[in-house]
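**Q** One structure follows; several queries about it will come next.
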Amino acid sequence: MSIWLIVAIIVLVALCGAPLFTIFGALALYLFYASGIDMSAVIIELYRLTDMPPLVAIPLFTFAGYMLAESKAPKRLVNLAQAVFGWIPGGLAIVVLVTCAFFTAFTGASGVTIVALGGLLFPMLIKEHYPEKFSLGLVTASGSIGLLFPPSLPIIVYGMVAEVSIDKLFIAGVIPGIILIAMLGAYSVRKGIQTKVPRIPFVWSNVAKTLKEAAWEIPLPFIIVISIYGGFVTATEASAVTAFYVFVVEVFIYRDLKIFSDLPRVMKESMLLVGAILSILGVALGLTNYLIDQQVPQRLFELVQTQISSQVTFLLILNGFLIIVGMMLDIFSATFVVVPLILPIARAFNVDPVHLGIIFLTNLEIGYLTPPVGMNLFMSSLRFKKPMLHVVKSILVFIVLELIVLMVITYWPGLSLWLVHLTGTQ
């Protein structure tokens, strides 16, 4: 009875809006106390964070992403993409997909992309005579599609928790991410043809002009990929290079950010996100430590094994479970709590941990959009001042398209692992 009472209290506190790290922390402390184990075990896990080298990459990549989002980089990149892709039917919609993917990859937070770029992209789509329902669904869906591309923070966190090479995960997400964008892009082209949206003629002078304007920001993804996979730097060192490069470009070359007024604000906002991630990570590691100590993953595997014997069935059930997790938890909390539970089971069913990471992140991308409580639905409703039901109706077709891609990614491991094997990434 006392256990159920504690669980009821925790659920009630969560429904009242308590921060997740306090819930995880309280649960971990209670479980250790109830088992007669010193509660300092939770604090030890917090201290153990300092021994994780990839941890340094999180604040640096986050800072770089926020500097880009707060500068005029979005407008420059949108102008360039529009000059290059505007002649295609649905060209502006493809611009939205590519630009949002770029910024989500750097910020690691889809909600930030919707808030930061939504005010620019949504009115542009309406102005170009795209249907309002399609435009709303596209911007909402685009908020999370960049999570598979380097230097995505969720990839780094998954690598830390699963103890998998972050370099492998970075390269494994490239092809699935491109396929996801291609699927949504194909639908956008079809919608552009159906609605006879005006196209922007391809003019070399416009391309050259916008290319010159964004000349310092375009190389950024290539600097990261080439520096890591060329063997020049590690992923952690690449985060420092990226943060310094963006700082110099946005503060001293473009001068979009003032060093004494804008920069402190950007640092504060980005580090609030980092602080939230680290707080959740510390207490979630304590909770995970308890679950492992009590052999919960082994018991789950034994339970699953009695009901499921096929890898195909296991992956199907895993996808459904992860989408529900994505609805209920933010991506970082889900990673810290769920990955240690599913990883041993997935290995037993011969699912590669790198492949599992891409499946995991794709599911959580979709979970962000899934009604009734997907996080991006609320962000979009607040940002664009639209009723929740209206946002849900606008997003349904995009959820179906992403589910199709998810099935392909799930049952075709080569999509995730081919580049890893080709490059011989360690």
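Ligands are numbered from 1 in the order shown, chains are lettered A, B, ... in the order of the structure tokens, and residues start at 1 in each chain.
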Taking 3 positions as the minimum chain separation for residues in the same chain, which residues sit within 10 Å of Val420 of chain A when counting only C-alpha atoms? Answer as a list in words.
**A**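 Returned residues: Asp167, Lys168, Leu169, Phe170, Ile171, Ala172, Gly173, Val354, Gly414, Leu415, Ser416, Leu417, Thr423, Gly424, Thr425 and Gln426 of chain A.
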**Q** Which polymer residues have any atom within 12 Å of an atom of Leu220 of chain A, counting only C-alpha atoms, with same-chain residues fewer than 2 positions away left out, as a PDB file with N, CA and C atoms, in the first residue's frame?
**A**
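Output contents, as saved in selection_3.pdb:
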ATOM      1  N   PHE A  61      27.728  22.882 -28.068  1.00  0.00           N
ATOM      2  CA  PHE A  61      26.844  22.805 -29.238  1.00  0.00           C
ATOM      3  C   PHE A  61      25.548  23.587 -28.996  1.00  0.00           C
ATOM      4  N   ALA A  64      26.263  27.273 -29.470  1.00  0.00           N
ATOM      5  CA  ALA A  64      26.399  27.574 -30.900  1.00  0.00           C
ATOM      6  C   ALA A  64      25.027  27.638 -31.567  1.00  0.00           C
ATOM      7  N   GLY A  65      24.157  26.687 -31.247  1.00  0.00           N
ATOM      8  CA  GLY A  65      22.822  26.658 -31.830  1.00  0.00           C
ATOM      9  C   GLY A  65      21.991  27.866 -31.465  1.00  0.00           C
ATOM     10  N   LEU A  68      23.146  30.971 -33.366  1.00  0.00           N
ATOM     11  CA  LEU A  68      22.630  30.966 -34.737  1.00  0.00           C
ATOM     12  C   LEU A  68      21.154  31.362 -34.773  1.00  0.00           C
ATOM     13  N   ALA A  73      20.962  34.613 -39.039  1.00  0.00           N
ATOM     14  CA  ALA A  73      21.296  33.429 -39.840  1.00  0.00           C
ATOM     15  C   ALA A  73      20.059  32.755 -40.437  1.00  0.00           C
ATOM     16  N   PHE A 102      18.277  22.061 -40.143  1.00  0.00           N
ATOM     17  CA  PHE A 102      19.587  22.637 -39.819  1.00  0.00           C
ATOM     18  C   PHE A 102      19.610  23.179 -38.390  1.00  0.00           C
ATOM     19  N   PHE A 103      18.582  23.944 -38.024  1.00  0.00           N
ATOM     20  CA  PHE A 103      18.593  24.580 -36.707  1.00  0.00           C
ATOM     21  C   PHE A 103      18.268  23.605 -35.587  1.00  0.00           C
ATOM     22  N   ALA A 105      19.153  20.491 -35.583  1.00  0.00           N
ATOM     23  CA  ALA A 105      20.388  19.727 -35.402  1.00  0.00           C
ATOM     24  C   ALA A 105      21.343  20.447 -34.460  1.00  0.00           C
ATOM     25  N   PHE A 106      21.352  21.779 -34.511  1.00  0.00           N
ATOM     26  CA  PHE A 106      22.286  22.536 -33.676  1.00  0.00           C
ATOM     27  C   PHE A 106      21.729  22.838 -32.288  1.00  0.00           C
ATOM     28  N   PRO A 150      24.037  15.336 -37.299  1.00  0.00           N
ATOM     29  CA  PRO A 150      25.026  15.909 -36.384  1.00  0.00           C
ATOM     30  C   PRO A 150      24.979  17.428 -36.445  1.00  0.00           C
ATOM     31  N   PRO A 151      25.243  18.113 -35.325  1.00  0.00           N
ATOM     32  CA  PRO A 151      25.678  17.595 -34.015  1.00  0.00           C
ATOM     33  C   PRO A 151      24.524  17.507 -33.012  1.00  0.00           C
ATOM     34  N   ALA A 214      25.314  34.417 -47.051  1.00  0.00           N
ATOM     35  CA  ALA A 214      25.408  33.319 -46.071  1.00  0.00           C
ATOM     36  C   ALA A 214      26.734  32.565 -46.168  1.00  0.00           C
ATOM     37  N   ALA A 215      27.720  33.182 -46.780  1.00  0.00           N
ATOM     38  CA  ALA A 215      28.973  32.476 -47.085  1.00  0.00           C
ATOM     39  C   ALA A 215      29.684  31.952 -45.851  1.00  0.00           C
ATOM     40  N   TRP A 216      29.521  32.614 -44.710  1.00  0.00           N
ATOM     41  CA  TRP A 216      30.227  32.191 -43.497  1.00  0.00           C
ATOM     42  C   TRP A 216      29.473  31.113 -42.726  1.00  0.00           C
ATOM     43  N   GLU A 217      28.174  30.959 -43.010  1.00  0.00           N
ATOM     44  CA  GLU A 217      27.376  29.973 -42.265  1.00  0.00           C
ATOM     45  C   GLU A 217      27.227  28.649 -43.009  1.00  0.00           C
ATOM     46  N   ILE A 218      27.287  28.694 -44.325  1.00  0.00           N
ATOM     47  CA  ILE A 218      27.135  27.471 -45.124  1.00  0.00           C
ATOM     48  C   ILE A 218      28.186  26.410 -44.776  1.00  0.00           C
ATOM     49  N   PHE A 222      29.729  21.242 -42.805  1.00  0.00           N
ATOM     50  CA  PHE A 222      30.843  20.537 -43.447  1.00  0.00           C
ATOM     51  C   PHE A 222      32.093  20.566 -42.563  1.00  0.00           C
ATOM     52  N   ILE A 223      32.282  21.673 -41.852  1.00  0.00           N
ATOM     53  CA  ILE A 223      33.415  21.762 -40.921  1.00  0.00           C
ATOM     54  C   ILE A 223      33.300  20.685 -39.852  1.00  0.00           C
ATOM     55  N   ILE A 224      32.088  20.516 -39.325  1.00  0.00           N
ATOM     56  CA  ILE A 224      31.865  19.519 -38.271  1.00  0.00           C
ATOM     57  C   ILE A 224      32.102  18.106 -38.791  1.00  0.00           C
ATOM     58  N   VAL A 225      31.454  17.788 -39.924  1.00  0.00           N
ATOM     59  CA  VAL A 225      31.536  16.417 -40.454  1.00  0.00           C
ATOM     60  C   VAL A 225      32.963  16.077 -40.882  1.00  0.00           C
ATOM     61  N   ILE A 226      33.600  16.983 -41.638  1.00  0.00           N
ATOM     62  CA  ILE A 226      34.949  16.701 -42.155  1.00  0.00           C
ATOM     63  C   ILE A 226      35.960  16.626 -41.013  1.00  0.00           C
ATOM     64  N   SER A 227      35.820  17.522 -40.033  1.00  0.00           N
ATOM     65  CA  SER A 227      36.789  17.528 -38.930  1.00  0.00           C
ATOM     66  C   SER A 227      36.699  16.263 -38.092  1.00  0.00           C
ATOM     67  N   ALA A 238      35.120  18.998 -31.592  1.00  0.00           N
ATOM     68  CA  ALA A 238      34.364  19.665 -32.661  1.00  0.00           C
ATOM     69  C   ALA A 238      33.355  20.656 -32.086  1.00  0.00           C
ATOM     70  N   SER A 239      32.810  20.360 -30.910  1.00  0.00           N
ATOM     71  CA  SER A 239      31.854  21.284 -30.282  1.00  0.00           C
ATOM     72  C   SER A 239      32.533  22.600 -29.927  1.00  0.00           C
ATOM     73  N   VAL A 241      35.227  23.855 -31.458  1.00  0.00           N
ATOM     74  CA  VAL A 241      35.509  24.515 -32.737  1.00  0.00           C
ATOM     75  C   VAL A 241      34.248  25.197 -33.266  1.00  0.00           C
ATOM     76  N   THR A 242      33.125  24.488 -33.183  1.00  0.00           N
ATOM     77  CA  THR A 242      31.846  25.023 -33.677  1.00  0.00           C
ATOM     78  C   THR A 242      31.430  26.270 -32.900  1.00  0.00           C
ATOM     79  N   ALA A 243      31.481  26.192 -31.576  1.00  0.00           N
ATOM     80  CA  ALA A 243      31.068  27.329 -30.745  1.00  0.00           C
ATOM     81  C   ALA A 243      31.947  28.550 -31.026  1.00  0.00           C
ATOM     82  N   PHE A 244      33.252  28.339 -31.143  1.00  0.00           N
ATOM     83  CA  PHE A 244      34.164  29.458 -31.410  1.00  0.00           C
ATOM     84  C   PHE A 244      33.909  30.047 -32.797  1.00  0.00           C
ATOM     85  N   TYR A 245      33.715  29.177 -33.785  1.00  0.00           N
ATOM     86  CA  TYR A 245      33.470  29.634 -35.158  1.00  0.00           C
ATOM     87  C   TYR A 245      32.190  30.470 -35.227  1.00  0.00           C
ATOM     88  N   VAL A 246      31.111  29.964 -34.646  1.00  0.00           N
ATOM     89  CA  VAL A 246      29.832  30.696 -34.675  1.00  0.00           C
ATOM     90  C   VAL A 246      29.959  32.012 -33.921  1.00  0.00           C
ATOM     91  N   VAL A 249      31.830  34.473 -36.178  1.00  0.00           N
ATOM     92  CA  VAL A 249      31.035  34.843 -37.353  1.00  0.00           C
ATOM     93  C   VAL A 249      29.889  35.778 -36.990  1.00  0.00           C
TER      94      VAL A 249
END
**Q** Taking only C-alpha atoms into account, which of A:Pro353, A:Phe398, A:Pro344, A:Thr370 comes nearest Ser165 of chain A?
**A** A:Pro353
**Q** Report the distance between atom CA of Leu364 of chain A and atom CA of Pro154 of chain A in Å, rounded to one decimal place.
**A**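 Going from atom CA of Leu364 of chain A over to atom CA of Pro154 of chain A covers 10.2 Å.
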**Q** From the set A:Lys386, A:Ile342, A:Met39, A:Asn363, which residue has the shortest atom-to-atom contact distance to Val304 of chain A, counting only C-alpha atoms?
**A** A:Ile342
